[in-house]
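So this block is input.pdb, PDB, C-alpha atoms:
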ATOM      1  CA  MET G   1       0.000   0.000   0.000
ATOM      2  CA  SER G   2       1.175   3.518  -0.624
ATOM      3  CA  HIS G   3       0.117   7.156  -0.642
ATOM      4  CA  GLY G   4       0.534  10.846  -1.336
ATOM      5  CA  PHE G   5      -0.866  12.105  -4.658
ATOM      6  CA  GLY G   6      -2.293  15.633  -5.097
ATOM      7  CA  ARG G   7      -3.417  16.539  -1.627
ATOM      8  CA  THR G   8      -6.225  18.881  -2.675
ATOM      9  CA  ARG G   9      -7.909  16.280  -4.878
ATOM     10  CA  TRP G  10      -7.508  13.633  -2.158
ATOM     11  CA  ARG G  11      -9.165  15.908   0.396
ATOM     12  CA  ARG G  12     -12.261  16.213  -1.770
ATOM     13  CA  PHE G  13     -12.235  12.478  -2.433
ATOM     14  CA  ALA G  14     -12.097  11.568   1.241
ATOM     15  CA  VAL G  15     -14.807  14.028   2.281
ATOM     16  CA  VAL G  16     -17.190  12.740  -0.386
ATOM     17  CA  LEU G  17     -16.679   9.142   0.745
ATOM     18  CA  LEU G  18     -16.859   9.863   4.467
ATOM     19  CA  PRO G  19     -20.552   9.029   5.026
ATOM     20  CA  SER G  20     -20.038   5.491   3.763
ATOM     21  CA  VAL G  21     -16.478   4.765   4.785
ATOM     22  CA  GLY G  22     -17.367   2.328   7.548
ATOM     23  CA  VAL G  23     -18.882   0.037   4.964
ATOM     24  CA  CYS G  24     -15.405  -1.012   3.956
ATOM     25  CA  THR G  25     -15.181  -3.391   6.862
ATOM     26  CA  ALA G  26     -17.235  -5.883   4.928
ATOM     27  CA  LEU G  27     -14.221  -6.380   2.743
ATOM     28  CA  GLY G  28     -12.727  -8.569   5.388
ATOM     29  CA  ILE G  29     -14.477 -11.375   3.570
ATOM     30  CA  ALA G  30     -11.627 -11.278   1.093
ATOM     31  CA  MET G  31     -10.198 -14.004   3.298
ATOM     32  CA  ALA G  32     -11.581 -16.294   0.621
ATOM     33  CA  GLN G  33      -8.386 -15.537  -1.278
ATOM     34  CA  GLY G  34      -6.197 -16.036   1.779
ATOM     35  CA  ALA G  35      -4.848 -13.750   4.514
ATOM     36  CA  LEU G  36      -3.235 -10.610   3.140
ATOM     37  CA  ALA G  37      -0.362  -8.833   4.826
ATOM     38  CA  ALA G  38       0.772  -5.231   4.729
ATOM     39  CA  SER G  39       3.186  -4.187   1.961
ATOM     40  CA  PHE G  40       2.081  -6.719  -0.643
ATOM     41  CA  LEU G  41       1.587  -6.299  -4.389
ATOM     42  CA  ILE G  42      -2.097  -6.413  -5.315
ATOM     43  CA  SER G  43      -3.472  -8.572  -8.127
ATOM     44  CA  GLY G  44      -5.855  -5.865  -9.300
ATOM     45  CA  GLN G  45      -8.852  -8.159  -8.774
ATOM     46  CA  ARG G  46     -11.971  -6.280  -7.630
ATOM     47  CA  LEU G  47     -14.199  -7.765  -4.909
ATOM     48  CA  GLN G  48     -17.863  -6.897  -4.459
ATOM     49  CA  VAL G  49     -18.884  -6.967  -0.800
ATOM     50  CA  THR G  50     -22.272  -6.341   0.783
ATOM     51  CA  ALA G  51     -23.522  -6.401   4.378
ATOM     52  CA  ASP G  52     -26.823  -5.744   6.111
ATOM     53  CA  LYS G  53     -25.167  -4.006   9.056
ATOM     54  CA  LEU G  54     -21.657  -2.980  10.110
ATOM     55  CA  THR G  55     -20.743  -1.986  13.681
ATOM     56  CA  VAL G  56     -17.263  -0.559  14.298
ATOM     57  CA  ARG G  57     -15.114   0.520  17.248
ATOM     58  CA  GLY G  58     -12.031   2.611  16.451
ATOM     59  CA  LEU G  59     -12.171   3.962  12.888
ATOM     60  CA  SER G  60      -9.362   5.469  10.785
ATOM     61  CA  ILE G  61      -9.534   6.744   7.195
ATOM     62  CA  TYR G  62      -6.753   7.903   4.863
ATOM     63  CA  PRO G  63      -6.053   7.861   1.097
ATOM     64  CA  MET G  64      -3.267   5.676  -0.274
ATOM     65  CA  VAL G  65      -1.899   4.235  -3.514
ATOM     66  CA  ASP G  66      -1.588   0.467  -3.927
ATOM     67  CA  VAL G  67       0.865  -1.092  -6.378
ATOM     68  CA  SER G  68       0.136  -4.100  -8.592
ATOM     69  CA  ARG G  69       2.636  -6.738  -9.662
ATOM     70  CA  LYS G  70       2.646  -5.010 -13.054
ATOM     71  CA  HIS G  71       3.757  -1.820 -11.259
ATOM     72  CA  GLU G  72       0.421  -0.089 -11.816
ATOM     73  CA  LEU G  73      -0.514   2.563  -9.239
ATOM     74  CA  VAL G  74      -4.081   2.216  -7.909
ATOM     75  CA  PRO G  75      -5.523   5.085  -5.785
ATOM     76  CA  VAL G  76      -7.530   3.703  -2.850
ATOM     77  CA  LEU G  77      -9.147   4.790   0.388
ATOM     78  CA  VAL G  78      -7.758   2.802   3.324
ATOM     79  CA  THR G  79     -10.170   2.277   6.209
ATOM     80  CA  GLY G  80      -8.912   0.774   9.467
ATOM     81  CA  PHE G  81     -10.998  -0.746  12.285
ATOM     82  CA  ARG G  82      -9.815  -1.865  15.705
ATOM     83  CA  HIS G  83     -12.905  -4.082  15.962
ATOM     84  CA  ALA G  84     -15.782  -4.714  13.562
ATOM     85  CA  GLU G  85     -18.976  -6.811  13.511
ATOM     86  CA  ILE G  86     -20.542  -7.573  10.117
ATOM     87  CA  SER G  87     -24.086  -8.938   9.759
ATOM     88  CA  GLY G  88     -25.365 -10.433   6.487
ATOM     89  CA  LEU G  89     -21.944 -10.701   4.909
ATOM     90  CA  CYS G  90     -21.513 -11.551   1.203
ATOM     91  CA  GLN G  91     -18.486 -11.354  -1.109
ATOM     92  CA  ALA G  92     -18.382 -11.976  -4.850
ATOM     93  CA  ALA G  93     -15.225 -12.083  -6.992
ATOM     94  CA  GLU G  94     -15.288 -12.634 -10.740
ATOM     95  CA  LEU G  95     -12.550 -15.042 -11.869
ATOM     96  CA  ASP G  96     -11.233 -15.424 -15.414
ATOM     97  CA  LEU G  97     -10.118 -19.066 -15.328
ATOM     98  CA  PRO G  98      -7.963 -20.668 -18.049
ATOM     99  CA  VAL G  99      -9.875 -22.989 -20.438
ATOM    100  CA  VAL G 100     -13.208 -22.864 -18.533
ATOM    101  CA  GLY G 101     -13.723 -19.078 -18.733
ATOM    102  CA  THR G 102     -15.484 -16.658 -16.371
ATOM    103  CA  HIS G 103     -16.724 -17.938 -13.004
ATOM    104  CA  THR G 104     -17.768 -16.181  -9.783
ATOM    105  CA  LEU G 105     -16.471 -17.079  -6.328
ATOM    106  CA  THR G 106     -19.055 -16.239  -3.644
ATOM    107  CA  LEU G 107     -18.514 -16.249   0.110
ATOM    108  CA  THR G 108     -21.213 -15.724   2.740
ATOM    109  CA  GLY G 109     -21.414 -15.795   6.534
ATOM    110  CA  SER G 110     -24.096 -16.866   8.982
ATOM    111  CA  ASP G 111     -27.473 -15.101   8.992
ATOM    112  CA  GLU G 112     -27.712 -15.616  12.765
ATOM    113  CA  ARG G 113     -24.259 -14.571  14.056
ATOM    114  CA  PRO G 114     -22.112 -11.660  12.839
ATOM    115  CA  THR G 115     -18.627 -11.952  11.388
ATOM    116  CA  GLU G 116     -15.990 -10.361  13.656
ATOM    117  CA  ALA G 117     -12.617  -8.844  12.758
ATOM    118  CA  THR G 118      -9.821  -7.017  14.611
ATOM    119  CA  ASN G 119      -7.233  -4.604  13.224
ATOM    120  CA  LEU G 120      -8.893  -4.765   9.839
ATOM    121  CA  PHE G 121      -7.589  -2.674   6.902
ATOM    122  CA  LEU G 122      -9.574  -2.285   3.680
ATOM    123  CA  ASP G 123      -8.315  -0.748   0.434
ATOM    124  CA  THR G 124     -11.386   0.361  -1.525
ATOM    125  CA  THR G 125     -12.293   2.057  -4.806
ATOM    126  CA  PHE G 126     -16.025   2.394  -4.038
ATOM    127  CA  GLU G 127     -18.120   2.585  -0.853
ATOM    128  CA  ALA G 128     -21.824   3.128  -0.188
ATOM    129  CA  ALA G 129     -24.263   2.748   2.700
ATOM    130  CA  GLY G 130     -27.966   3.360   3.166
ATOM    131  CA  GLN G 131     -27.269   5.005   6.545
ATOM    132  CA  ALA G 132     -24.013   5.876   8.330
ATOM    133  CA  ASN G 133     -23.807   7.075  11.951
ATOM    134  CA  PHE G 134     -20.449   8.181  13.424
ATOM    135  CA  ARG G 135     -19.470   8.999  17.026
ATOM    136  CA  ASN G 136     -16.706  11.445  18.055
ATOM    137  CA  ILE G 137     -15.544  12.012  14.510
ATOM    138  CA  ASP G 138     -12.540  14.148  13.485
ATOM    139  CA  ILE G 139     -12.353  15.286   9.857
ATOM    140  CA  GLY G 140      -9.116  16.774   8.563
ATOM    141  CA  ILE G 141      -6.771  15.358  11.200
ATOM    142  CA  ALA G 142      -3.180  14.794  10.048
ATOM    143  CA  GLN G 143      -2.572  11.163   9.175
ATOM    144  CA  GLY G 144       0.350  11.018  11.564
ATOM    145  CA  GLU G 145      -1.954  12.104  14.423
ATOM    146  CA  ILE G 146      -4.630   9.397  13.987
ATOM    147  CA  THR G 147      -5.170   7.589  17.316
ATOM    148  CA  LYS G 148      -8.838   6.510  17.515
ATOM    149  CA  GLY G 149      -8.382   3.940  14.762
ATOM    150  CA  PRO G 150      -5.326   1.978  13.556
ATOM    151  CA  VAL G 151      -2.841   2.906  10.839
ATOM    152  CA  ASP G 152      -1.272  -0.012   8.994
ATOM    153  CA  PRO G 153       2.473  -0.235   9.846
ATOM    154  CA  GLY G 154       3.130  -1.052   6.197
ATOM    155  CA  ASP G 155       1.484   2.214   5.203
ATOM    156  CA  ARG G 156       3.459   4.270   7.716
ATOM    157  CA  ASN G 157       6.670   2.977   6.138
ATOM    158  CA  SER G 158       5.462   3.607   2.591
ATOM    159  CA  ARG G 159       7.014   6.329   0.433
ATOM    160  CA  PHE G 160       3.442   7.487  -0.278
ATOM    161  CA  PHE G 161       2.441   8.012   3.355
ATOM    162  CA  ASP G 162       2.336  11.699   4.364
ATOM    163  CA  PRO G 163       2.163  12.208   8.171
ATOM    164  CA  SER G 164       0.840  15.740   7.510
ATOM    165  CA  GLY G 165      -1.678  14.560   4.924
ATOM    166  CA  PHE G 166      -5.463  14.510   5.237
ATOM    167  CA  GLY G 167      -7.024  11.914   7.543
ATOM    168  CA  GLN G 168     -10.232  11.133   9.415
ATOM    169  CA  GLN G 169     -11.090   9.158  12.538
ATOM    170  CA  ALA G 170     -14.016   8.267  14.809
ATOM    171  CA  SER G 171     -14.429   6.390  18.065
ATOM    172  CA  SER G 172     -17.274   4.259  16.610
ATOM    173  CA  ALA G 173     -19.634   3.922  13.653
ATOM    174  CA  THR G 174     -22.756   2.005  12.608
ATOM    175  CA  LEU G 175     -23.708   1.493   8.945
ATOM    176  CA  THR G 176     -26.565  -0.320   7.220
ATOM    177  CA  ASP G 177     -27.153  -1.584   3.650
ATOM    178  CA  VAL G 178     -23.443  -1.619   2.886
ATOM    179  CA  SER G 179     -21.862  -2.071  -0.551
ATOM    180  CA  VAL G 180     -18.120  -1.937  -1.264
ATOM    181  CA  THR G 181     -15.605  -2.572  -4.030
ATOM    182  CA  SER G 182     -12.107  -3.435  -2.790
ATOM    183  CA  VAL G 183      -8.700  -4.412  -4.160
ATOM    184  CA  ALA G 184      -7.022  -5.569  -0.908
ATOM    185  CA  VAL G 185      -7.688  -6.418   2.740
ATOM    186  CA  SER G 186      -5.668  -7.441   5.789
ATOM    187  CA  ALA G 187      -6.677  -8.248   9.373
ATOM    188  CA  ALA G 188      -5.166  -9.516  12.592
ATOM    189  CA  THR G 189      -8.185 -11.829  13.085
ATOM    190  CA  PHE G 190     -11.221 -12.572  10.917
ATOM    191  CA  ASP G 191     -13.875 -14.949  12.293
ATOM    192  CA  VAL G 192     -16.740 -16.032  10.008
ATOM    193  CA  PRO G 193     -19.470 -18.176  11.620
ATOM    194  CA  GLY G 194     -21.353 -20.357   9.152
ATOM    195  CA  LEU G 195     -18.845 -19.805   6.339
ATOM    196  CA  ARG G 196     -20.124 -20.898   2.909
ATOM    197  CA  VAL G 197     -18.046 -20.719  -0.287
ATOM    198  CA  ARG G 198     -19.198 -21.637  -3.809
ATOM    199  CA  ILE G 199     -18.089 -21.126  -7.395
ATOM    200  CA  ASP G 200     -20.538 -20.723 -10.294
ATOM    201  CA  ARG G 201     -20.178 -20.276 -14.032
ATOM    202  CA  GLY G 202     -20.540 -16.724 -15.355
ATOM    203  CA  HIS G 203     -20.941 -13.391 -13.557
ATOM    204  CA  ARG G 204     -22.999 -13.224 -10.358
ATOM    205  CA  ASP G 205     -23.555 -10.422  -7.854
ATOM    206  CA  CYS G 206     -24.257 -10.620  -4.133
ATOM    207  CA  PRO G 207     -28.016 -10.474  -3.493
TER     208      PRO G 207
END
Just give me the structure of the file as structure tokens.
Amino acid sequence: MSHGFGRTRWRRFAVVLLPSVGVCTALGIAMAQGALAASFLISGQRLQVTADKLTVRGLSIYPMVDVSRKHELVPVLVTGFRHAEISGLCQAAELDLPVVGTHTLTLTGSDERPTEATNLFLDTTFEAAGQANFRNIDIGIAQGEITKGPVDPGDRNSRFFDPSGFGQQASSATLTDVSVTSVAVSAATFDVPGLRVRIDRGHRDCP
């Protein structure tokens, strides 16, 4: 992960996305492709993630730039959560498989118990929520001063990270009807009760 392009444009970008930023937590379902660590090269694969409800404690938000194995720079919004609960989790990833063609990998969690994650970091290109409620929010805090939510150590050491750059944080947040598109995710823990994974021919979206 990386960061630091035109600060003025990034400020506008972050402010526009603020009302739905918490939705990113749902991306933790990217575990279907394995645990991701900080400072890795992304594949460029987009993941669609939806959730009925997202409850967060300790939120951090800052723009970054991820790098693909082909050395492409991908602007993203990184959202960090100290702890998150995700109800009605669904992830869908379109796969272009050799010989057999396009298939969709879908992952879902239990309808009765929420998915839980700690120290979760989501790199997103799109976020939306039907309703977003934040508590004790700070908009415009310097990235190097974020304390309510986590900052990925890999990002702090990145050449794109600007300690004086634009950041946001909140002590907690609750979001409903969440929809996210992500390119990367990492978490210290990610627990999915009732995990179900399937692969189907063609393109399919989460319900």
- Of the listed residues G:Ser164, G:Ser43, G:Thr176, G:Gln169, that which approaches G:Leu95 most closely, counting all atoms listed in the file: G:Ser43
- Task: Evaluate the PyMOL selection byres ((chain G and resi 194-201) around 12) and record the selected residues as a ChimeraX atom specification, following the chain and residue labels used in the document.
- Result: /G:29-33,87-97,100-115,190-193,202-205
- Task: Pull out every residue that the PyMOL selection byres ((chain G and resi 128-136) around 6) matches in the shown coordinates and put them as a list in words.
- Result: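 Matching residues under the PyMOL selection byres ((chain G and resi 128-136) around 6) are Pro19, Ser20, Glu127, Ile137, Ala170, Ser171, Ser172, Ala173, Thr174, Leu175, Thr176, Asp177, Val178 and Ser179 of chain G.
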- Query: For the atom pair atom CA of G:Val185 and atom CA of G:Ser158, what is the interatomic distance in Å to one decimal place?
  - Reply: 16.5 Å
- Take atom CA of G:Asp138 and atom CA of G:Val151 and report the distance between them in Å, one decimal.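 Those two atoms sit 15.1 Å apart.
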- Item | Best match for closeness to G:Thr50 among G:Val78, G:Pro150, G:Gly140, G:Ile86, counting all atoms listed in the file |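 The closest residue to G:Thr50 is G:Ile86.
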Can you pull stretch 87-107 of chain G out of that block with N, CA, C and O atoms and hand it back as a PDB file, in the first residue's frame?
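Saved the output as selection_13.pdb:
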ATOM      1  N   SER G  87     -22.907  -8.071   9.863  1.00  0.00           N
ATOM      2  CA  SER G  87     -24.086  -8.938   9.759  1.00  0.00           C
ATOM      3  C   SER G  87     -24.529  -9.032   8.298  1.00  0.00           C
ATOM      4  O   SER G  87     -24.519  -8.044   7.572  1.00  0.00           O
ATOM      5  N   GLY G  88     -24.910 -10.243   7.861  1.00  0.00           N
ATOM      6  CA  GLY G  88     -25.365 -10.433   6.487  1.00  0.00           C
ATOM      7  C   GLY G  88     -24.258 -10.270   5.475  1.00  0.00           C
ATOM      8  O   GLY G  88     -24.444  -9.645   4.426  1.00  0.00           O
ATOM      9  N   LEU G  89     -23.124 -10.852   5.755  1.00  0.00           N
ATOM     10  CA  LEU G  89     -21.944 -10.701   4.909  1.00  0.00           C
ATOM     11  C   LEU G  89     -22.024 -11.502   3.614  1.00  0.00           C
ATOM     12  O   LEU G  89     -22.421 -12.658   3.599  1.00  0.00           O
ATOM     13  N   CYS G  90     -21.614 -10.870   2.490  1.00  0.00           N
ATOM     14  CA  CYS G  90     -21.513 -11.551   1.203  1.00  0.00           C
ATOM     15  C   CYS G  90     -20.364 -10.954   0.413  1.00  0.00           C
ATOM     16  O   CYS G  90     -20.191  -9.728   0.399  1.00  0.00           O
ATOM     17  N   GLN G  91     -19.571 -11.805  -0.231  1.00  0.00           N
ATOM     18  CA  GLN G  91     -18.486 -11.354  -1.109  1.00  0.00           C
ATOM     19  C   GLN G  91     -18.589 -12.085  -2.436  1.00  0.00           C
ATOM     20  O   GLN G  91     -18.848 -13.285  -2.478  1.00  0.00           O
ATOM     21  N   ALA G  92     -18.381 -11.364  -3.523  1.00  0.00           N
ATOM     22  CA  ALA G  92     -18.382 -11.976  -4.850  1.00  0.00           C
ATOM     23  C   ALA G  92     -17.171 -11.478  -5.623  1.00  0.00           C
ATOM     24  O   ALA G  92     -16.919 -10.277  -5.699  1.00  0.00           O
ATOM     25  N   ALA G  93     -16.406 -12.413  -6.191  1.00  0.00           N
ATOM     26  CA  ALA G  93     -15.225 -12.083  -6.992  1.00  0.00           C
ATOM     27  C   ALA G  93     -15.316 -12.799  -8.322  1.00  0.00           C
ATOM     28  O   ALA G  93     -15.454 -14.025  -8.369  1.00  0.00           O
ATOM     29  N   GLU G  94     -15.249 -12.033  -9.412  1.00  0.00           N
ATOM     30  CA  GLU G  94     -15.288 -12.634 -10.740  1.00  0.00           C
ATOM     31  C   GLU G  94     -13.901 -13.148 -11.105  1.00  0.00           C
ATOM     32  O   GLU G  94     -12.910 -12.423 -11.002  1.00  0.00           O
ATOM     33  N   LEU G  95     -13.823 -14.412 -11.546  1.00  0.00           N
ATOM     34  CA  LEU G  95     -12.550 -15.042 -11.869  1.00  0.00           C
ATOM     35  C   LEU G  95     -12.504 -15.419 -13.342  1.00  0.00           C
ATOM     36  O   LEU G  95     -13.436 -16.039 -13.855  1.00  0.00           O
ATOM     37  N   ASP G  96     -11.430 -15.039 -14.016  1.00  0.00           N
ATOM     38  CA  ASP G  96     -11.233 -15.424 -15.414  1.00  0.00           C
ATOM     39  C   ASP G  96     -10.309 -16.627 -15.428  1.00  0.00           C
ATOM     40  O   ASP G  96      -9.087 -16.498 -15.394  1.00  0.00           O
ATOM     41  N   LEU G  97     -10.880 -17.832 -15.465  1.00  0.00           N
ATOM     42  CA  LEU G  97     -10.118 -19.066 -15.328  1.00  0.00           C
ATOM     43  C   LEU G  97      -9.676 -19.608 -16.684  1.00  0.00           C
ATOM     44  O   LEU G  97     -10.464 -19.603 -17.646  1.00  0.00           O
ATOM     45  N   PRO G  98      -8.444 -20.088 -16.789  1.00  0.00           N
ATOM     46  CA  PRO G  98      -7.963 -20.668 -18.049  1.00  0.00           C
ATOM     47  C   PRO G  98      -8.855 -21.825 -18.494  1.00  0.00           C
ATOM     48  O   PRO G  98      -9.348 -22.602 -17.670  1.00  0.00           O
ATOM     49  N   VAL G  99      -9.115 -21.914 -19.800  1.00  0.00           N
ATOM     50  CA  VAL G  99      -9.875 -22.989 -20.438  1.00  0.00           C
ATOM     51  C   VAL G  99     -11.381 -22.905 -20.147  1.00  0.00           C
ATOM     52  O   VAL G  99     -12.200 -22.908 -21.064  1.00  0.00           O
ATOM     53  N   VAL G 100     -11.773 -22.814 -18.875  1.00  0.00           N
ATOM     54  CA  VAL G 100     -13.208 -22.864 -18.533  1.00  0.00           C
ATOM     55  C   VAL G 100     -13.887 -21.500 -18.562  1.00  0.00           C
ATOM     56  O   VAL G 100     -15.108 -21.410 -18.510  1.00  0.00           O
ATOM     57  N   GLY G 101     -13.130 -20.406 -18.603  1.00  0.00           N
ATOM     58  CA  GLY G 101     -13.723 -19.078 -18.733  1.00  0.00           C
ATOM     59  C   GLY G 101     -14.137 -18.428 -17.423  1.00  0.00           C
ATOM     60  O   GLY G 101     -13.662 -18.783 -16.354  1.00  0.00           O
ATOM     61  N   THR G 102     -15.076 -17.473 -17.511  1.00  0.00           N
ATOM     62  CA  THR G 102     -15.484 -16.658 -16.371  1.00  0.00           C
ATOM     63  C   THR G 102     -16.350 -17.432 -15.379  1.00  0.00           C
ATOM     64  O   THR G 102     -17.332 -18.076 -15.755  1.00  0.00           O
ATOM     65  N   HIS G 103     -15.949 -17.380 -14.107  1.00  0.00           N
ATOM     66  CA  HIS G 103     -16.724 -17.938 -13.004  1.00  0.00           C
ATOM     67  C   HIS G 103     -16.756 -16.911 -11.877  1.00  0.00           C
ATOM     68  O   HIS G 103     -15.956 -15.973 -11.854  1.00  0.00           O
ATOM     69  N   THR G 104     -17.674 -17.090 -10.935  1.00  0.00           N
ATOM     70  CA  THR G 104     -17.768 -16.181  -9.783  1.00  0.00           C
ATOM     71  C   THR G 104     -17.607 -16.965  -8.487  1.00  0.00           C
ATOM     72  O   THR G 104     -18.297 -17.962  -8.265  1.00  0.00           O
ATOM     73  N   LEU G 105     -16.674 -16.497  -7.656  1.00  0.00           N
ATOM     74  CA  LEU G 105     -16.471 -17.079  -6.328  1.00  0.00           C
ATOM     75  C   LEU G 105     -17.282 -16.266  -5.328  1.00  0.00           C
ATOM     76  O   LEU G 105     -17.110 -15.052  -5.228  1.00  0.00           O
ATOM     77  N   THR G 106     -18.182 -16.927  -4.606  1.00  0.00           N
ATOM     78  CA  THR G 106     -19.055 -16.239  -3.644  1.00  0.00           C
ATOM     79  C   THR G 106     -18.826 -16.787  -2.246  1.00  0.00           C
ATOM     80  O   THR G 106     -18.764 -18.001  -2.042  1.00  0.00           O
ATOM     81  N   LEU G 107     -18.701 -15.888  -1.291  1.00  0.00           N
ATOM     82  CA  LEU G 107     -18.514 -16.249   0.110  1.00  0.00           C
ATOM     83  C   LEU G 107     -19.588 -15.560   0.934  1.00  0.00           C
ATOM     84  O   LEU G 107     -19.849 -14.377   0.757  1.00  0.00           O
TER      85      LEU G 107
END
